[in-house]
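Q: File name entry15.csv; file contents CSV, C-alpha atoms; full text below.
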```csv
chain,number,residue,atom,x,y,z
A,1,MET,CA,165.3,77.3,17.5
A,2,SER,CA,164.9,81.0,18.3
A,3,ARG,CA,162.0,83.2,19.2
A,4,TRP,CA,161.9,84.6,15.6
A,5,GLU,CA,161.3,81.1,14.2
A,6,PRO,CA,158.6,79.5,16.3
A,7,ASN,CA,158.2,75.8,15.5
A,8,ALA,CA,160.6,76.0,12.6
A,9,ARG,CA,161.2,72.3,12.5
A,10,GLY,CA,157.5,71.5,12.4
A,11,ARG,CA,156.9,74.1,9.7
A,12,LEU,CA,159.8,72.8,7.6
A,13,GLU,CA,158.6,69.2,8.0
A,14,GLN,CA,155.0,70.1,6.9
A,15,ALA,CA,156.3,72.2,3.9
A,16,ALA,CA,158.6,69.4,2.8
A,17,MET,CA,156.0,66.6,3.1
A,18,ALA,CA,153.5,68.7,1.1
A,19,LEU,CA,156.0,69.4,-1.6
A,20,TYR,CA,157.3,65.8,-1.8
A,21,ALA,CA,153.7,64.7,-2.2
A,22,GLU,CA,152.8,67.3,-4.8
A,23,CYS,CA,156.0,67.5,-6.9
A,24,GLY,CA,157.9,64.3,-6.0
A,25,PHE,CA,160.8,63.9,-3.6
A,26,GLU,CA,163.5,64.2,-6.3
A,27,GLN,CA,162.1,67.3,-7.8
A,28,THR,CA,161.8,69.2,-4.6
A,29,THR,CA,164.6,71.5,-3.5
A,30,VAL,CA,165.6,72.7,-0.1
A,31,ALA,CA,165.1,76.3,-1.3
A,32,GLU,CA,161.5,75.5,-2.2
A,33,ILE,CA,160.9,73.8,1.2
A,34,ALA,CA,162.3,76.8,3.1
A,35,ALA,CA,160.3,79.3,1.0
A,36,ARG,CA,157.1,77.4,1.5
A,37,ALA,CA,157.7,77.4,5.3
A,38,GLY,CA,158.6,81.1,5.2
A,39,LEU,CA,162.1,80.3,6.4
A,40,THR,CA,165.6,80.4,5.0
A,41,GLU,CA,167.7,77.5,3.7
A,42,ARG,CA,170.1,78.2,6.5
A,43,THR,CA,167.4,77.5,9.0
A,44,PHE,CA,166.5,74.2,7.1
A,45,PHE,CA,170.1,73.0,7.5
A,46,ARG,CA,170.0,73.9,11.2
A,47,HIS,CA,167.3,71.3,11.6
A,48,PHE,CA,167.9,68.7,9.0
A,49,ALA,CA,171.1,67.4,7.4
A,50,ASP,CA,169.4,67.0,4.0
A,51,LYS,CA,166.0,66.5,2.3
A,52,ARG,CA,165.9,62.8,3.1
A,53,GLU,CA,166.3,63.4,6.9
A,54,VAL,CA,162.9,65.0,7.0
A,55,LEU,CA,161.4,61.6,6.4
A,56,PHE,CA,163.7,59.6,8.7
A,57,TYR,CA,164.6,61.8,11.7
A,58,GLY,CA,162.0,60.0,13.8
A,59,ALA,CA,163.7,56.6,13.3
A,60,PRO,CA,166.1,56.7,16.3
A,61,ALA,CA,163.3,57.7,18.7
A,62,LEU,CA,161.1,54.8,17.4
A,63,GLN,CA,164.0,52.4,17.8
A,64,GLU,CA,164.8,53.7,21.3
A,65,LEU,CA,161.1,53.1,22.2
A,66,VAL,CA,161.1,49.6,20.9
A,67,VAL,CA,164.4,48.7,22.6
A,68,SER,CA,163.4,50.2,25.9
A,69,THR,CA,160.0,48.4,25.8
A,70,VAL,CA,161.8,45.1,25.4
A,71,ALA,CA,164.3,45.9,28.1
A,72,SER,CA,161.5,46.8,30.6
A,73,ALA,CA,159.3,43.7,29.9
A,74,PRO,CA,158.7,41.5,32.9
A,75,ASP,CA,161.4,38.9,33.4
A,76,THR,CA,158.8,36.2,33.0
A,77,ALA,CA,157.7,37.5,29.5
A,78,ALA,CA,158.4,35.1,26.6
A,79,PRO,CA,160.7,36.8,24.0
A,80,ILE,CA,158.0,36.9,21.4
A,81,ASP,CA,155.7,38.6,23.9
A,82,ALA,CA,158.3,41.2,24.8
A,83,VAL,CA,158.8,41.9,21.1
A,84,ALA,CA,155.1,42.1,20.5
A,85,ALA,CA,154.7,44.6,23.3
A,86,ALA,CA,157.6,46.7,21.8
A,87,VAL,CA,156.1,46.8,18.3
A,88,GLN,CA,152.7,47.6,19.7
A,89,ALA,CA,154.2,50.5,21.5
A,90,ALA,CA,155.6,51.8,18.2
A,91,ALA,CA,152.2,51.2,16.6
A,92,ALA,CA,150.4,53.2,19.3
A,93,LEU,CA,152.9,56.1,18.7
A,94,LEU,CA,152.3,56.0,14.9
A,95,GLN,CA,148.5,55.7,15.5
A,96,GLU,CA,148.5,59.3,16.8
A,97,ARG,CA,150.0,60.5,13.5
A,98,ARG,CA,148.0,58.5,11.0
A,99,ASP,CA,147.7,61.1,8.3
A,100,GLY,CA,151.4,61.9,8.5
A,101,ALA,CA,152.3,58.3,8.4
A,102,ARG,CA,150.2,57.6,5.4
A,103,LEU,CA,151.6,60.6,3.5
A,104,ARG,CA,155.1,59.6,4.4
A,105,GLN,CA,154.5,56.0,3.1
A,106,ALA,CA,153.1,57.3,-0.2
A,107,ILE,CA,156.2,59.5,-0.7
A,108,ILE,CA,158.5,56.6,0.1
A,109,ALA,CA,156.7,54.2,-2.1
A,110,ALA,CA,157.2,56.5,-5.1
A,111,ASN,CA,161.0,56.6,-4.8
A,112,PRO,CA,163.4,53.7,-4.9
A,113,GLU,CA,166.2,55.5,-3.0
A,114,LEU,CA,163.8,56.1,-0.1
A,115,GLN,CA,162.5,52.5,-0.2
A,116,GLU,CA,166.2,51.4,0.2
A,117,ARG,CA,166.6,53.7,3.2
A,118,GLU,CA,163.3,52.4,4.7
A,119,LEU,CA,164.6,48.8,4.3
A,120,ILE,CA,167.8,49.7,6.1
A,121,LYS,CA,165.9,51.4,8.9
A,122,LEU,CA,163.9,48.2,9.4
A,123,ALA,CA,167.0,46.0,9.2
A,124,ASN,CA,168.6,48.2,11.9
A,125,LEU,CA,165.5,47.9,14.0
A,126,ALA,CA,165.6,44.1,13.8
A,127,SER,CA,169.3,44.2,14.8
A,128,ALA,CA,168.6,46.5,17.8
A,129,LEU,CA,165.7,44.2,18.9
A,130,ALA,CA,167.9,41.2,18.7
A,131,GLY,CA,170.5,43.0,20.8
A,132,ALA,CA,167.8,43.9,23.4
A,133,LEU,CA,166.7,40.2,23.6
A,134,ARG,CA,170.3,39.0,24.0
A,135,GLU,CA,170.6,41.5,26.9
A,136,ARG,CA,167.6,39.6,28.4
A,137,GLY,CA,169.6,36.3,28.1
A,138,VAL,CA,167.9,35.1,24.9
A,139,SER,CA,170.4,33.1,23.0
A,140,GLU,CA,171.0,32.9,19.2
A,141,PRO,CA,169.5,32.0,16.8
A,142,ALA,CA,166.3,32.6,18.9
A,143,ALA,CA,167.1,36.3,19.5
A,144,SER,CA,167.5,37.2,15.9
A,145,LEU,CA,164.6,35.1,14.7
A,146,THR,CA,162.3,36.6,17.3
A,147,ALA,CA,163.4,40.1,16.3
A,148,GLU,CA,162.9,39.3,12.6
A,149,ALA,CA,159.5,37.9,13.4
A,150,GLY,CA,158.6,41.1,15.3
A,151,VAL,CA,159.6,43.3,12.4
A,152,ALA,CA,157.8,41.1,9.9
A,153,VAL,CA,154.6,41.4,12.0
A,154,PHE,CA,155.1,45.2,12.3
A,155,ARG,CA,155.5,45.7,8.6
A,156,ASN,CA,152.6,43.4,7.8
A,157,ALA,CA,150.2,45.2,10.2
A,158,PHE,CA,151.6,48.6,9.1
A,159,ALA,CA,150.8,47.9,5.4
A,160,ARG,CA,147.2,46.9,6.3
A,161,TRP,CA,146.8,49.9,8.6
A,162,ILE,CA,148.0,52.3,5.9
A,163,GLY,CA,146.1,50.5,3.1
A,164,ASP,CA,142.7,50.4,4.7
A,165,PRO,CA,140.8,53.7,4.3
A,166,GLY,CA,138.5,52.9,7.2
A,167,GLU,CA,139.4,53.9,10.8
A,168,GLN,CA,141.6,51.0,12.1
A,169,ASP,CA,143.3,50.2,15.3
A,170,PHE,CA,147.0,49.7,14.5
A,171,PRO,CA,147.9,47.9,17.8
A,172,ARG,CA,145.0,45.5,17.2
A,173,LEU,CA,146.3,44.8,13.7
A,174,ILE,CA,149.7,43.9,15.2
A,175,ARG,CA,148.0,41.4,17.5
A,176,GLU,CA,146.2,39.9,14.5
A,177,SER,CA,149.3,39.7,12.4
A,178,LEU,CA,151.2,38.0,15.3
A,179,ASP,CA,148.3,35.5,15.7
A,180,ALA,CA,148.5,34.9,11.9
A,181,LEU,CA,152.3,34.3,12.1
A,182,LYS,CA,151.8,32.0,15.0
A,183,ALA,CA,149.2,30.1,13.0
A,184,VAL,CA,151.4,29.7,9.9
A,185,THR,CA,154.5,28.6,11.8
A,186,GLY,CA,152.6,26.6,14.3
A,187,GLY,CA,153.0,23.4,12.4
A,188,THR,CA,149.5,22.4,13.4
B,189,MET,CA,180.0,34.8,-26.1
B,190,SER,CA,182.4,33.9,-28.9
B,191,ARG,CA,185.0,31.3,-29.6
B,192,TRP,CA,187.8,33.8,-29.0
B,193,GLU,CA,186.6,34.5,-25.5
B,194,PRO,CA,186.1,31.1,-23.8
B,195,ASN,CA,184.1,31.4,-20.6
B,196,ALA,CA,184.4,35.2,-20.6
B,197,ARG,CA,181.7,35.6,-18.1
B,198,GLY,CA,183.2,33.3,-15.6
B,199,ARG,CA,186.7,34.8,-16.0
B,200,LEU,CA,185.3,38.4,-15.6
B,201,GLU,CA,183.4,37.3,-12.5
B,202,GLN,CA,186.4,35.7,-10.9
B,203,ALA,CA,188.6,38.7,-11.7
B,204,ALA,CA,186.0,41.1,-10.3
B,205,MET,CA,185.5,39.1,-7.1
B,206,ALA,CA,189.2,38.9,-6.5
B,207,LEU,CA,189.7,42.7,-7.1
B,208,TYR,CA,186.7,43.6,-4.9
B,209,ALA,CA,188.1,41.5,-2.1
B,210,GLU,CA,191.7,42.8,-2.5
B,211,CYS,CA,191.0,46.5,-3.3
B,212,GLY,CA,187.4,47.1,-2.3
B,213,PHE,CA,184.3,47.4,-4.5
B,214,GLU,CA,184.4,51.1,-4.8
B,215,GLN,CA,188.1,51.3,-5.7
B,216,THR,CA,187.9,48.7,-8.5
B,217,THR,CA,187.3,49.8,-12.0
B,218,VAL,CA,185.9,47.9,-14.9
B,219,ALA,CA,189.1,48.5,-16.8
B,220,GLU,CA,191.0,46.7,-14.0
B,221,ILE,CA,188.6,43.8,-14.0
B,222,ALA,CA,188.8,43.4,-17.8
B,223,ALA,CA,192.6,43.6,-17.7
B,224,ARG,CA,192.9,41.0,-15.0
B,225,ALA,CA,190.6,38.7,-16.9
B,226,GLY,CA,192.7,39.3,-20.1
B,227,LEU,CA,189.6,40.7,-21.8
B,228,THR,CA,188.4,44.1,-22.9
B,229,GLU,CA,186.0,46.6,-21.2
B,230,ARG,CA,183.7,46.1,-24.2
B,231,THR,CA,183.5,42.4,-23.4
B,232,PHE,CA,182.8,43.2,-19.8
B,233,PHE,CA,179.8,45.3,-20.8
B,234,ARG,CA,178.5,42.6,-23.1
B,235,HIS,CA,178.1,40.4,-20.0
B,236,PHE,CA,177.4,42.8,-17.1
B,237,ALA,CA,175.5,46.1,-17.0
B,238,ASP,CA,177.9,47.5,-14.4
B,239,LYS,CA,180.3,46.5,-11.6
B,240,ARG,CA,177.5,45.8,-9.2
B,241,GLU,CA,175.7,43.3,-11.5
B,242,VAL,CA,178.7,40.9,-11.1
B,243,LEU,CA,177.5,40.4,-7.5
B,244,PHE,CA,173.8,40.2,-8.2
B,245,TYR,CA,173.2,38.6,-11.6
B,246,GLY,CA,172.4,35.3,-10.0
B,247,ALA,CA,169.4,36.8,-8.0
B,248,PRO,CA,166.7,36.2,-10.7
B,249,ALA,CA,167.7,32.5,-11.1
B,250,LEU,CA,167.6,32.0,-7.3
B,251,GLN,CA,164.2,33.7,-7.1
B,252,GLU,CA,162.9,31.6,-10.0
B,253,LEU,CA,164.1,28.4,-8.2
B,254,VAL,CA,162.4,29.5,-5.0
B,255,VAL,CA,159.1,30.4,-6.6
B,256,SER,CA,159.0,27.3,-8.8
B,257,THR,CA,159.7,25.1,-5.7
B,258,VAL,CA,156.7,26.6,-3.9
B,259,ALA,CA,154.5,26.2,-7.0
B,260,SER,CA,155.4,22.6,-7.4
B,261,ALA,CA,154.9,21.6,-3.7
B,262,PRO,CA,152.2,19.0,-3.1
B,263,ASP,CA,148.7,20.5,-2.8
B,264,THR,CA,148.6,19.0,0.8
B,265,ALA,CA,151.8,20.8,1.9
B,266,ALA,CA,151.3,23.5,4.5
B,267,PRO,CA,152.4,27.0,3.3
B,268,ILE,CA,155.3,27.1,5.8
B,269,ASP,CA,156.5,23.7,4.6
B,270,ALA,CA,156.3,24.7,0.9
B,271,VAL,CA,158.4,27.8,1.8
B,272,ALA,CA,160.8,25.7,3.8
B,273,ALA,CA,161.3,23.4,0.8
B,274,ALA,CA,161.9,26.4,-1.4
B,275,VAL,CA,164.6,28.1,0.8
B,276,GLN,CA,166.2,24.7,1.3
B,277,ALA,CA,166.5,24.3,-2.5
B,278,ALA,CA,168.2,27.7,-2.6
B,279,ALA,CA,170.5,26.6,0.3
B,280,ALA,CA,171.4,23.4,-1.6
B,281,LEU,CA,172.3,25.5,-4.7
B,282,LEU,CA,174.5,27.9,-2.6
B,283,GLN,CA,176.1,25.0,-0.8
B,284,GLU,CA,177.8,24.0,-4.0
B,285,ARG,CA,179.5,27.4,-4.2
B,286,ARG,CA,180.4,28.0,-0.6
B,287,ASP,CA,183.8,29.8,-1.1
B,288,GLY,CA,182.2,32.1,-3.7
B,289,ALA,CA,179.2,32.8,-1.4
B,290,ARG,CA,181.5,33.6,1.5
B,291,LEU,CA,183.7,35.9,-0.6
B,292,ARG,CA,180.6,37.7,-2.0
B,293,GLN,CA,179.2,38.2,1.5
B,294,ALA,CA,182.4,39.7,2.7
B,295,ILE,CA,182.5,42.1,-0.2
B,296,ILE,CA,178.9,43.1,0.4
B,297,ALA,CA,179.4,43.5,4.2
B,298,ALA,CA,182.2,46.1,3.5
B,299,ASN,CA,180.0,48.4,1.4
B,300,PRO,CA,176.7,50.1,2.4
B,301,GLU,CA,175.5,50.5,-1.2
B,302,LEU,CA,175.8,46.8,-1.7
B,303,GLN,CA,174.1,46.1,1.6
B,304,GLU,CA,171.1,48.2,0.4
B,305,ARG,CA,171.0,46.2,-2.8
B,306,GLU,CA,171.1,42.9,-0.9
B,307,LEU,CA,168.2,44.1,1.3
B,308,ILE,CA,166.2,44.9,-1.8
B,309,LYS,CA,167.0,41.6,-3.3
B,310,LEU,CA,165.7,39.8,-0.2
B,311,ALA,CA,162.6,42.1,0.0
B,312,ASN,CA,161.8,41.2,-3.7
B,313,LEU,CA,162.3,37.5,-2.8
B,314,ALA,CA,159.8,37.8,0.0
B,315,SER,CA,157.3,39.5,-2.4
B,316,ALA,CA,157.8,36.8,-5.0
B,317,LEU,CA,157.3,34.1,-2.4
B,318,ALA,CA,154.1,35.7,-1.1
B,319,GLY,CA,152.8,35.8,-4.7
B,320,ALA,CA,153.6,32.2,-5.2
B,321,LEU,CA,151.7,31.3,-2.0
B,322,ARG,CA,148.7,33.4,-3.1
B,323,GLU,CA,148.7,31.4,-6.4
B,324,ARG,CA,148.3,28.3,-4.2
B,325,GLY,CA,145.2,29.9,-2.6
B,326,VAL,CA,146.9,31.1,0.6
B,327,SER,CA,145.1,34.3,1.7
B,328,GLU,CA,146.6,37.5,3.2
B,329,PRO,CA,148.0,38.2,5.7
B,330,ALA,CA,149.1,34.6,6.0
B,331,ALA,CA,150.9,34.5,2.5
B,332,SER,CA,153.1,37.6,3.3
B,333,LEU,CA,153.8,36.5,6.8
B,334,THR,CA,154.8,33.0,5.7
B,335,ALA,CA,157.0,34.5,3.0
B,336,GLU,CA,158.7,36.9,5.5
B,337,ALA,CA,159.2,34.0,7.9
B,338,GLY,CA,160.8,32.0,5.1
B,339,VAL,CA,163.2,34.8,4.2
B,340,ALA,CA,164.0,35.4,7.9
B,341,VAL,CA,164.9,31.7,8.3
B,342,PHE,CA,167.0,31.8,5.2
B,343,ARG,CA,168.9,34.9,6.3
B,344,ASN,CA,169.5,33.5,9.8
B,345,ALA,CA,170.7,30.2,8.5
B,346,PHE,CA,172.9,31.9,5.8
B,347,ALA,CA,174.6,34.0,8.4
B,348,ARG,CA,175.4,31.0,10.5
B,349,TRP,CA,176.6,29.0,7.5
B,350,ILE,CA,178.9,31.8,6.3
B,351,GLY,CA,180.1,32.6,9.8
B,352,ASP,CA,181.1,29.1,10.9
B,353,PRO,CA,184.5,28.1,9.6
B,354,GLY,CA,183.8,24.4,10.1
B,355,GLU,CA,182.2,22.4,7.3
B,356,GLN,CA,178.4,22.9,7.7
B,357,ASP,CA,175.3,21.7,6.1
B,358,PHE,CA,173.4,24.7,5.0
B,359,PRO,CA,170.0,22.9,4.3
B,360,ARG,CA,170.3,21.5,7.8
B,361,LEU,CA,170.9,24.9,9.3
B,362,ILE,CA,167.7,26.0,7.5
B,363,ARG,CA,165.7,23.3,9.3
B,364,GLU,CA,167.3,24.3,12.6
B,365,SER,CA,166.4,28.0,12.1
B,366,LEU,CA,162.9,27.0,11.1
B,367,ASP,CA,162.5,24.9,14.2
B,368,ALA,CA,163.8,27.8,16.3
B,369,LEU,CA,161.3,30.2,14.7
B,370,LYS,CA,158.5,27.7,15.4
B,371,ALA,CA,159.7,27.4,19.0
B,372,VAL,CA,159.8,31.2,19.6
B,373,THR,CA,156.5,31.9,18.0
B,374,GLY,CA,154.9,28.7,19.3
B,375,GLY,CA,153.2,30.5,22.2
B,376,THR,CA,153.9,27.5,24.4
```
Can I see the file as structure tokens?
A:
Amino acid sequence: MSRWEPNARGRLEQAAMALYAECGFEQTTVAEIAARAGLTERTFFRHFADKREVLFYGAPALQELVVSTVASAPDTAAPIDAVAAAVQAAAALLQERRDGARLRQAIIAANPELQERELIKLANLASALAGALRERGVSEPAASLTAEAGVAVFRNAFARWIGDPGEQDFPRLIRESLDALKAVTGGT
Amino acid sequence: MSRWEPNARGRLEQAAMALYAECGFEQTTVAEIAARAGLTERTFFRHFADKREVLFYGAPALQELVVSTVASAPDTAAPIDAVAAAVQAAAALLQERRDGARLRQAIIAANPELQERELIKLANLASALAGALRERGVSEPAASLTAEAGVAVFRNAFARWIGDPGEQDFPRLIRESLDALKAVTGGT
């Protein structure tokens, strides 16, 4: 934010994540986060509205990526394929931050309030995806159901990606989960 | 709960729902609910832990119905069909209480805290459904994805059932939403 605070946001985020993991989200104070980052509380509040926002500030960018990927899919793409491409783009982005994503997930899993927030984030993502599909001319209920299917596939693949200690390819897990969903709903 | 308070629970529920709808959930106090029902606060707390529980006390029974329907599906039933039967059983139950369900939904839609609670309820329902499928020998990720698909279909049909002022058949809307999901994921 200024030349006296190089990468303040990144330092605050790193300090916050470490403290949430070590001491718990509830127990950690903004004063402790700022101290660990070698910055002031005032600087913290220039970058984040509150403790929780450290964990969720990336959500709008992720949603924007997903929506724009749907919007830019070829006209000929089936809705489910446009959505699959969108959640794969999100997966590729998260793939670059695997350790951070795993740590964040562990912090959220330990706190009911954060779990609620995460569920809302995913519900908002599904709504935005459905809106992007309607923009492409997909009617209801197909638009909402395709969006829900995409988010279900994303969550399922995410849980497997986070849960498996071996090096794993998140976008490939998305394809696998989508194939599994097609198989279970295929009525074959 | 005693012969001096016939149907206290039902009277409290009815009073609470009316006040939530008229004045808003946040603005309504337990004292007001009890007064409107002609009962005491003490009696309210014998039946409900707090204001919110009036809106959610039915969730465990609904979940139990859904899980037991999956468990009792024929061995030959495909997982998606067992889940479809389960959410249709839930739909048939709600169908009998349409006005109450619509009022409840309007109250929840007006309050972010209640929306969070509703999302958690549905996430728990999906987890319970996935568990019931694993009990039937369905492996992961198919069990979780089938459960998520079932809940997505339920939510989608519920929104259409609540949103349409005309008399509608909720279990039929479930079938329609399931068919739409199959069509969008069919890869055809």
Q: Residues of chain B within 8 Å of chain A, counting only C-alpha atoms - could you list those as a list in words?
A: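 Selected residues: Pro267, Ile268, Glu304, Arg305, Leu307, Ile308, Pro329, Ala330, Ser332, Leu333, Thr334, Glu336, Ala337, Ala340, Val341, Asn344, Ser365, Ala368, Leu369, Lys370, Val372, Thr373, Gly374 and Gly375 of chain B.
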Q: Find the spatial neighbours of Ala273 of chain B, counting only C-alpha atoms, within a cut-off of 10 Å - ignore same-chain residues fewer than 2 positions away - and output them as a list of chain:residue names.
A: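 Those residues are B:Val254, B:Thr257, B:Val258, B:Ala261, B:Ala265, B:Pro267, B:Ile268, B:Asp269, B:Ala270, B:Val271, B:Val275, B:Gln276, B:Ala277, B:Ala278, B:Ala279, B:Gly338, B:Pro359, B:Ile362, B:Arg363.
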Q: So that I can check the surroundings of Arg98 of chain A, please list as a list in words every protein, DNA and RNA residue that reaches within 10 Å of it, counting all atoms listed in the file and ignoring chain neighbours fewer than 6 positions away.
A: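 Returned residues: Arg104, Trp161, Ile162, Glu167, Gln168 and Phe170 of chain A.
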Q: To one decimal place in Å, what is the distance between atom CA of Leu125 of chain A and atom CA of Leu55 of chain A?
A: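 Result for atom CA of Leu125 of chain A versus atom CA of Leu55 of chain A: 16.2 Å, one decimal.
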Q: Mind giving me the straight-line distance from atom CA of Ala8 of chain A to atom CA of Gly58 of chain A in Å, one decimal?
A: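 Between atom CA of Ala8 of chain A and atom CA of Gly58 of chain A the gap is 16.1 Å.
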Q: Looking at A:Val54, A:Ala110, A:Ala15, A:Ala126, which one is nearest to Glu32 of chain A, with distances taken over all atoms listed in the file?
A: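 Of all the options, A:Ala15 lies closest to Glu32 of chain A.
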Q: Please, what distance in Å, to one decimal, runs between atom CA of Pro6 of chain A and atom CA of Ala37 of chain A?
A: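 Computing it gives 11.2 Å between the two atoms.
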Q: Would you list the contacts of Arg324 of chain B as a list of chain:residue names, taking every protein, DNA or RNA residue within 8 Å and counting all atoms listed in the file, but skipping same-chain residues closer than 3 positions in sequence?
A: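 Once the adjacent positions are removed, what remains is B:Ala259, B:Asp263, B:Ala320, B:Leu321.
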Q: Find the residues around Glu252 of chain B up to 10 Å (only C-alpha atoms counted), leave out those fewer than 3 positions away in its own chain, and share them as a list in words.
A: Ala247, Pro248, Ala249, Val255, Ser256, Thr257, Ala278, Leu313, Ala316 and Leu317 of chain B
Q: Using all atoms listed in the file, which of B:Val326, B:Leu200, B:Ala280, B:Met205 sits nearest Ile296 of chain B?
A: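 Using all atoms listed in the file, the shortest distance to Ile296 of chain B belongs to B:Met205.
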Q: Which residues, written as a PDB file with C-alpha atoms, in the coordinates of the input, have at least one atom at most 9 Å from segment 19-22 of chain A, with all atoms listed in the file counted and residues fewer than 2 positions away on the same chain left out?
A:
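In the end it all went to part_6.pdb:
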```pdb
ATOM      1  CA  GLN A  14     155.000  70.100   6.900  1.00  0.00           C
ATOM      2  CA  ALA A  15     156.300  72.200   3.900  1.00  0.00           C
ATOM      3  CA  ALA A  16     158.600  69.400   2.800  1.00  0.00           C
ATOM      4  CA  MET A  17     156.000  66.600   3.100  1.00  0.00           C
ATOM      5  CA  GLY A  24     157.900  64.300  -6.000  1.00  0.00           C
ATOM      6  CA  PHE A  25     160.800  63.900  -3.600  1.00  0.00           C
ATOM      7  CA  GLU A  26     163.500  64.200  -6.300  1.00  0.00           C
ATOM      8  CA  GLN A  27     162.100  67.300  -7.800  1.00  0.00           C
ATOM      9  CA  THR A  28     161.800  69.200  -4.600  1.00  0.00           C
ATOM     10  CA  GLU A  32     161.500  75.500  -2.200  1.00  0.00           C
ATOM     11  CA  ILE A  33     160.900  73.800   1.200  1.00  0.00           C
ATOM     12  CA  ARG A  36     157.100  77.400   1.500  1.00  0.00           C
ATOM     13  CA  LEU A 103     151.600  60.600   3.500  1.00  0.00           C
ATOM     14  CA  ARG A 104     155.100  59.600   4.400  1.00  0.00           C
ATOM     15  CA  ALA A 106     153.100  57.300  -0.200  1.00  0.00           C
ATOM     16  CA  ILE A 107     156.200  59.500  -0.700  1.00  0.00           C
TER      17      ILE A 107
END
```
Q: Could you check which of A:Asp164, A:Glu13, A:Glu5, A:Asp169 is closest to Leu93 of chain A, using all atoms listed in the file?
A: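 Among the listed residues, A:Asp169 lies closest to Leu93 of chain A.
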Q: Find, counting only C-alpha atoms, the residue in A:Leu39, A:Ser72, A:Asp99, A:Phe44 that gets nearest to Ala18 of chain A.
A: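 Ranking A:Leu39, A:Ser72, A:Asp99, A:Phe44 by distance to Ala18 of chain A, first place goes to A:Asp99.
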Q: Find the residue from B:Gln283, B:Asn299, B:Gln293, B:Ser315 that sits nearest to Leu361 of chain B; use all atoms listed in the file when measuring.
A: B:Gln283
Q: Can you give me N, CA and C atoms for segment 27-40 of chain A, written as a short mmCIF file (atom, residue, chain, number, x, y, z; two decimals), keeping the file's coordinate frame?
A:
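After the write, rebuild_10.cif holds the following:
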```cif
data_model
loop_
_atom_site.label_atom_id
_atom_site.label_comp_id
_atom_site.auth_asym_id
_atom_site.auth_seq_id
_atom_site.Cartn_x
_atom_site.Cartn_y
_atom_site.Cartn_z
N GLN A 27 162.22 66.01 -7.20
CA GLN A 27 162.10 67.30 -7.80
C GLN A 27 162.08 68.47 -6.84
N THR A 28 161.85 68.16 -5.58
CA THR A 28 161.80 69.20 -4.60
C THR A 28 163.14 69.67 -4.12
N THR A 29 163.35 70.98 -4.03
CA THR A 29 164.60 71.50 -3.50
C THR A 29 164.47 72.05 -2.12
N VAL A 30 165.60 72.11 -1.41
CA VAL A 30 165.60 72.70 -0.10
C VAL A 30 165.13 74.14 -0.12
N ALA A 31 165.53 74.86 -1.16
CA ALA A 31 165.10 76.30 -1.30
C ALA A 31 163.58 76.36 -1.34
N GLU A 32 162.95 75.45 -2.07
CA GLU A 32 161.50 75.50 -2.20
C GLU A 32 160.83 75.15 -0.82
N ILE A 33 161.43 74.19 -0.11
CA ILE A 33 160.90 73.80 1.20
C ILE A 33 160.95 75.02 2.15
N ALA A 34 162.12 75.65 2.18
CA ALA A 34 162.30 76.80 3.10
C ALA A 34 161.34 77.93 2.71
N ALA A 35 161.22 78.20 1.42
CA ALA A 35 160.30 79.30 1.00
C ALA A 35 158.89 79.00 1.39
N ARG A 36 158.45 77.76 1.19
CA ARG A 36 157.10 77.40 1.50
C ARG A 36 156.81 77.55 3.04
N ALA A 37 157.87 77.25 3.82
CA ALA A 37 157.70 77.40 5.30
C ALA A 37 157.94 78.81 5.75
N GLY A 38 158.29 79.69 4.85
CA GLY A 38 158.60 81.10 5.20
C GLY A 38 159.85 81.21 6.02
N LEU A 39 160.82 80.35 5.72
CA LEU A 39 162.10 80.30 6.40
C LEU A 39 163.24 80.31 5.44
N THR A 40 164.46 80.35 5.94
CA THR A 40 165.60 80.40 5.00
C THR A 40 166.20 78.95 4.90
#
```
